[in-house]
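K.L.:
Structure supplied as input13.txt; contents: compact mmCIF, N, CA and C atoms and all ligand atoms.
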```txt
# COMPACT_ATOMS: atom_id res chain seq x y z
N MET A 28 120.79 184.16 -32.13
CA MET A 28 121.19 185.16 -33.14
C MET A 28 120.72 186.55 -32.71
N ASP A 29 121.57 187.54 -32.86
CA ASP A 29 121.27 188.91 -32.47
C ASP A 29 120.25 189.52 -33.43
N GLU A 30 119.07 189.87 -32.88
CA GLU A 30 118.00 190.36 -33.75
C GLU A 30 118.33 191.69 -34.41
N GLY A 31 119.04 192.55 -33.70
CA GLY A 31 119.45 193.83 -34.29
C GLY A 31 120.33 193.61 -35.50
N GLU A 32 121.21 192.61 -35.39
CA GLU A 32 122.09 192.28 -36.51
C GLU A 32 121.28 191.79 -37.70
N CYS A 33 120.25 190.96 -37.44
CA CYS A 33 119.39 190.47 -38.52
C CYS A 33 118.70 191.64 -39.23
N GLU A 34 118.23 192.61 -38.46
CA GLU A 34 117.58 193.77 -39.07
C GLU A 34 118.53 194.53 -39.97
N ARG A 35 119.76 194.72 -39.47
CA ARG A 35 120.75 195.44 -40.29
C ARG A 35 121.05 194.66 -41.56
N VAL A 36 121.20 193.35 -41.43
CA VAL A 36 121.57 192.54 -42.59
C VAL A 36 120.45 192.52 -43.62
N THR A 37 119.20 192.35 -43.16
CA THR A 37 118.12 192.30 -44.15
C THR A 37 117.96 193.64 -44.84
N SER A 38 118.25 194.73 -44.16
CA SER A 38 118.15 196.03 -44.84
C SER A 38 119.33 196.24 -45.79
N ASP A 39 120.43 195.52 -45.56
CA ASP A 39 121.60 195.65 -46.44
C ASP A 39 121.60 194.65 -47.60
N VAL A 40 120.67 193.68 -47.55
CA VAL A 40 120.68 192.62 -48.57
C VAL A 40 120.51 193.21 -49.97
N TYR A 41 119.69 194.26 -50.08
CA TYR A 41 119.44 194.83 -51.40
C TYR A 41 120.71 195.49 -51.95
N ALA A 42 121.40 196.21 -51.08
CA ALA A 42 122.66 196.85 -51.49
C ALA A 42 123.71 195.78 -51.79
N TYR A 43 123.66 194.70 -51.01
CA TYR A 43 124.61 193.60 -51.22
C TYR A 43 124.42 193.01 -52.62
N HIS A 44 123.16 192.82 -53.03
CA HIS A 44 122.86 192.32 -54.37
C HIS A 44 123.36 193.27 -55.44
N ASP A 45 123.25 194.56 -55.16
CA ASP A 45 123.66 195.56 -56.14
C ASP A 45 125.17 195.73 -56.20
N GLY A 46 125.89 195.05 -55.29
CA GLY A 46 127.33 195.23 -55.21
C GLY A 46 127.68 196.60 -54.67
N ALA A 47 126.74 197.20 -53.93
CA ALA A 47 126.91 198.57 -53.44
C ALA A 47 127.57 198.63 -52.07
N LEU A 48 127.76 197.47 -51.44
CA LEU A 48 128.38 197.46 -50.11
C LEU A 48 129.90 197.43 -50.24
N ARG A 49 130.55 198.11 -49.30
CA ARG A 49 132.01 198.04 -49.23
C ARG A 49 132.38 197.23 -48.01
N GLU A 50 133.64 196.85 -47.95
CA GLU A 50 134.14 196.22 -46.74
C GLU A 50 134.16 197.26 -45.61
N PRO A 51 133.89 196.91 -44.35
CA PRO A 51 133.66 195.51 -43.92
C PRO A 51 132.21 195.08 -43.99
N GLU A 52 131.31 195.97 -44.49
CA GLU A 52 129.88 195.61 -44.50
C GLU A 52 129.63 194.37 -45.36
N GLN A 53 130.31 194.30 -46.50
CA GLN A 53 130.07 193.18 -47.40
C GLN A 53 130.40 191.85 -46.73
N SER A 54 131.53 191.81 -46.04
CA SER A 54 131.92 190.58 -45.33
C SER A 54 130.97 190.29 -44.19
N ARG A 55 130.52 191.36 -43.52
CA ARG A 55 129.61 191.18 -42.40
C ARG A 55 128.31 190.55 -42.90
N VAL A 56 127.77 191.05 -44.02
CA VAL A 56 126.53 190.51 -44.56
C VAL A 56 126.75 189.07 -45.03
N ARG A 57 127.85 188.82 -45.72
CA ARG A 57 128.12 187.49 -46.25
C ARG A 57 128.25 186.48 -45.11
N ASP A 58 129.01 186.86 -44.07
CA ASP A 58 129.19 185.96 -42.94
C ASP A 58 127.87 185.70 -42.23
N HIS A 59 127.07 186.75 -42.11
CA HIS A 59 125.79 186.60 -41.42
C HIS A 59 124.86 185.70 -42.22
N LEU A 60 124.85 185.87 -43.54
CA LEU A 60 123.98 185.03 -44.38
C LEU A 60 124.39 183.56 -44.28
N THR A 61 125.68 183.32 -44.11
CA THR A 61 126.16 181.95 -43.96
C THR A 61 125.66 181.34 -42.66
N ALA A 62 125.60 182.18 -41.62
CA ALA A 62 125.29 181.68 -40.28
C ALA A 62 123.80 181.71 -39.95
N CYS A 63 123.01 182.51 -40.68
CA CYS A 63 121.65 182.77 -40.25
C CYS A 63 120.63 182.36 -41.32
N PRO A 64 119.92 181.25 -41.10
CA PRO A 64 118.98 180.74 -42.11
C PRO A 64 117.87 181.73 -42.44
N SER A 65 117.39 182.49 -41.45
CA SER A 65 116.25 183.36 -41.74
C SER A 65 116.67 184.52 -42.65
N CYS A 66 117.85 185.08 -42.42
CA CYS A 66 118.34 186.13 -43.31
C CYS A 66 118.71 185.55 -44.68
N ARG A 67 119.19 184.31 -44.68
CA ARG A 67 119.54 183.68 -45.95
C ARG A 67 118.29 183.52 -46.81
N SER A 68 117.15 183.21 -46.18
CA SER A 68 115.93 183.05 -46.97
C SER A 68 115.50 184.39 -47.58
N VAL A 69 115.70 185.49 -46.86
CA VAL A 69 115.43 186.83 -47.43
C VAL A 69 116.32 187.05 -48.64
N PHE A 70 117.58 186.69 -48.48
CA PHE A 70 118.54 186.85 -49.57
C PHE A 70 118.14 186.01 -50.79
N GLU A 71 117.72 184.76 -50.55
CA GLU A 71 117.36 183.86 -51.65
C GLU A 71 116.12 184.36 -52.38
N ILE A 72 115.14 184.88 -51.62
CA ILE A 72 113.93 185.41 -52.24
C ILE A 72 114.27 186.60 -53.12
N GLU A 73 115.10 187.48 -52.59
CA GLU A 73 115.51 188.65 -53.36
C GLU A 73 116.24 188.23 -54.63
N ARG A 74 117.10 187.23 -54.49
CA ARG A 74 117.86 186.78 -55.66
C ARG A 74 116.93 186.16 -56.70
N ALA A 75 115.97 185.34 -56.25
CA ALA A 75 115.04 184.70 -57.17
C ALA A 75 114.18 185.73 -57.88
N MET A 76 113.76 186.75 -57.11
CA MET A 76 112.90 187.77 -57.70
C MET A 76 113.67 188.54 -58.76
N ARG A 77 114.91 188.88 -58.46
CA ARG A 77 115.71 189.62 -59.44
C ARG A 77 115.95 188.79 -60.69
N ALA A 78 116.19 187.49 -60.52
CA ALA A 78 116.43 186.63 -61.67
C ALA A 78 115.18 186.56 -62.54
N ALA A 79 114.00 186.45 -61.90
CA ALA A 79 112.74 186.37 -62.65
C ALA A 79 112.51 187.67 -63.42
N ILE A 80 112.80 188.79 -62.78
CA ILE A 80 112.60 190.09 -63.43
C ILE A 80 113.58 190.25 -64.60
N ARG A 81 114.82 189.82 -64.39
CA ARG A 81 115.80 189.91 -65.48
C ARG A 81 115.34 189.08 -66.67
N ARG A 82 114.82 187.87 -66.40
CA ARG A 82 114.33 187.02 -67.49
C ARG A 82 113.18 187.71 -68.21
N ALA A 83 112.25 188.28 -67.46
CA ALA A 83 111.10 188.94 -68.07
C ALA A 83 111.57 190.08 -68.96
N TYR A 84 112.52 190.86 -68.46
CA TYR A 84 113.03 191.99 -69.24
C TYR A 84 113.74 191.50 -70.49
N SER A 85 114.57 190.48 -70.34
CA SER A 85 115.40 190.06 -71.47
C SER A 85 114.56 189.44 -72.57
N ARG A 86 113.44 188.82 -72.20
CA ARG A 86 112.57 188.24 -73.24
C ARG A 86 111.57 189.25 -73.78
N GLU A 87 111.45 190.38 -73.12
CA GLU A 87 110.52 191.40 -73.58
C GLU A 87 109.10 190.87 -73.66
N VAL A 88 108.76 189.96 -72.73
CA VAL A 88 107.42 189.38 -72.76
C VAL A 88 106.50 190.03 -71.74
N ALA A 89 107.06 190.75 -70.79
CA ALA A 89 106.22 191.31 -69.74
C ALA A 89 105.36 192.44 -70.30
N PRO A 90 104.05 192.31 -70.16
CA PRO A 90 103.20 193.42 -70.59
C PRO A 90 103.50 194.66 -69.75
N ASP A 91 103.24 195.83 -70.31
CA ASP A 91 103.59 197.07 -69.62
C ASP A 91 102.98 197.17 -68.23
N SER A 92 101.76 196.66 -68.08
CA SER A 92 101.10 196.77 -66.78
C SER A 92 101.85 195.95 -65.74
N LEU A 93 102.28 194.74 -66.13
CA LEU A 93 103.04 193.89 -65.21
C LEU A 93 104.38 194.55 -64.89
N ARG A 94 105.01 195.06 -65.92
CA ARG A 94 106.31 195.69 -65.75
C ARG A 94 106.21 196.84 -64.74
N ALA A 95 105.17 197.65 -64.90
CA ALA A 95 104.99 198.79 -64.00
C ALA A 95 104.79 198.31 -62.57
N ARG A 96 104.05 197.20 -62.41
CA ARG A 96 103.81 196.66 -61.07
C ARG A 96 105.11 196.18 -60.45
N VAL A 97 105.91 195.50 -61.26
CA VAL A 97 107.18 194.96 -60.75
C VAL A 97 108.11 196.10 -60.36
N VAL A 98 108.17 197.12 -61.18
CA VAL A 98 109.03 198.25 -60.89
C VAL A 98 108.58 198.94 -59.61
N ALA A 99 107.27 199.09 -59.45
CA ALA A 99 106.73 199.72 -58.24
C ALA A 99 107.08 198.88 -57.01
N MET A 100 107.00 197.55 -57.17
CA MET A 100 107.30 196.65 -56.07
C MET A 100 108.78 196.78 -55.68
N LEU A 101 109.64 196.84 -56.67
CA LEU A 101 111.08 196.98 -56.41
C LEU A 101 111.37 198.30 -55.71
N ASP A 102 110.72 199.36 -56.17
CA ASP A 102 110.93 200.67 -55.53
C ASP A 102 110.55 200.59 -54.07
N GLY A 103 109.42 199.90 -53.79
CA GLY A 103 108.97 199.73 -52.41
C GLY A 103 110.01 199.00 -51.57
N CYS A 104 110.60 197.95 -52.13
CA CYS A 104 111.60 197.17 -51.40
C CYS A 104 112.81 198.02 -51.08
N GLU A 105 113.27 198.80 -52.07
CA GLU A 105 114.50 199.53 -51.85
C GLU A 105 114.30 200.69 -50.87
N ALA A 106 113.07 201.18 -50.80
CA ALA A 106 112.80 202.26 -49.86
C ALA A 106 112.68 201.72 -48.43
N ALA A 107 112.35 200.43 -48.30
CA ALA A 107 112.07 199.86 -46.98
C ALA A 107 113.36 199.68 -46.19
ZN ZN B 1 119.93 187.01 -39.42
```
Represent the supplied structure as structure tokens.

P.N.:
Amino acid sequence: MDEGECERVTSDVYAYHDGALREPEQSRVRDHLTACPSCRSVFEIERAMRAAIRRAYSREVAPDSLRARVVAMLDGCEAA
């Protein structure tokens, strides 16, 4: 597997989740995730984290301190 391609895909995974990618990038990321287990695990972790955060928000159970930490963590990911 081309390592440069993996780097590009992992940096695009966040935009892919946001639906912010256009063709042909979206297809490129999707095809790569199908073919590459290591990038797929990055994608799965990101998806699981987003689902957990959505649940926390929707139940309004997250204390403000936790919420602030999660938001800071997300900001860090998107900047990376
Ligand atoms: Zn890859």

K.L.:
To check your reading of the model: which residues sit at most 7 Å from ligand ZN 1 (chain B) when counting all atoms listed in the file? Write the answer as a ChimeraX atom specification.

P.N.:
/A:28-30,32-34,36-37,59-60,62-67

K.L.:
Just asking: which residues within chain A are helix (DSSP H, G or I) according to DSSP, as a ChimeraX atom specification?

P.N.:
/A:30-44,52-62,64-86,91-106

K.L.:
Could you tell me how far atom N of Ala78 of chain A sits from atom N of Arg94 of chain A, in Å to one decimal place?

P.N.:
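Distance reported for this atom pair: 14.5 Å.
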
K.L.:
Would you kindly return, as a short mmCIF file (atom, residue, chain, number, x, y, z; two decimals) with N, CA and C atoms, in the frame of the given file, each protein, DNA or RNA residue with an atom no farther than 8 Å from any atom of segment 96-105 of chain A, considering all atoms listed in the file and excluding same-chain residues fewer than 3 positions away?

P.N.:
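Contents of result.cif, as written:
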```
data_model
loop_
_atom_site.label_atom_id
_atom_site.label_comp_id
_atom_site.auth_asym_id
_atom_site.auth_seq_id
_atom_site.Cartn_x
_atom_site.Cartn_y
_atom_site.Cartn_z
N TYR A 41 119.69 194.26 -50.08
CA TYR A 41 119.44 194.83 -51.40
C TYR A 41 120.71 195.49 -51.95
N ALA A 42 121.40 196.21 -51.08
CA ALA A 42 122.66 196.85 -51.49
C ALA A 42 123.71 195.78 -51.79
N ILE A 80 112.80 188.79 -62.78
CA ILE A 80 112.60 190.09 -63.43
C ILE A 80 113.58 190.25 -64.60
N PRO A 90 104.05 192.31 -70.16
CA PRO A 90 103.20 193.42 -70.59
C PRO A 90 103.50 194.66 -69.75
N ASP A 91 103.24 195.83 -70.31
CA ASP A 91 103.59 197.07 -69.62
C ASP A 91 102.98 197.17 -68.23
N SER A 92 101.76 196.66 -68.08
CA SER A 92 101.10 196.77 -66.78
C SER A 92 101.85 195.95 -65.74
N LEU A 93 102.28 194.74 -66.13
CA LEU A 93 103.04 193.89 -65.21
C LEU A 93 104.38 194.55 -64.89
#
```

K.L.:
Work out how far atom CA of Arg35 of chain A is from atom CA of Arg57 of chain A, in Å to one decimal.

P.N.:
12.4 Å

K.L.:
Go ahead and compute the interatomic distance for atom CA of Ala47 of chain A and atom C of Ser68 of chain A, in Å to one decimal.

P.N.:
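Separating atom CA of Ala47 of chain A from atom C of Ser68 of chain A is a distance of 19.1 Å.
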
K.L.:
Using only N, CA and C atoms, can you tell me which of A:Val40, A:Gly31, A:Tyr84, A:Ala95 comes closest to Phe70 of chain A?

P.N.:
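Using only N, CA and C atoms, the shortest distance to Phe70 of chain A belongs to A:Val40.
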
K.L.:
With only C-alpha atoms as the atoms that count, which of A:Asp58, A:Ala79, A:Glu50, A:Glu73 lies nearest to Ser38 of chain A?

P.N.:
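Closest to Ser38 of chain A, using only C-alpha atoms: A:Glu73.
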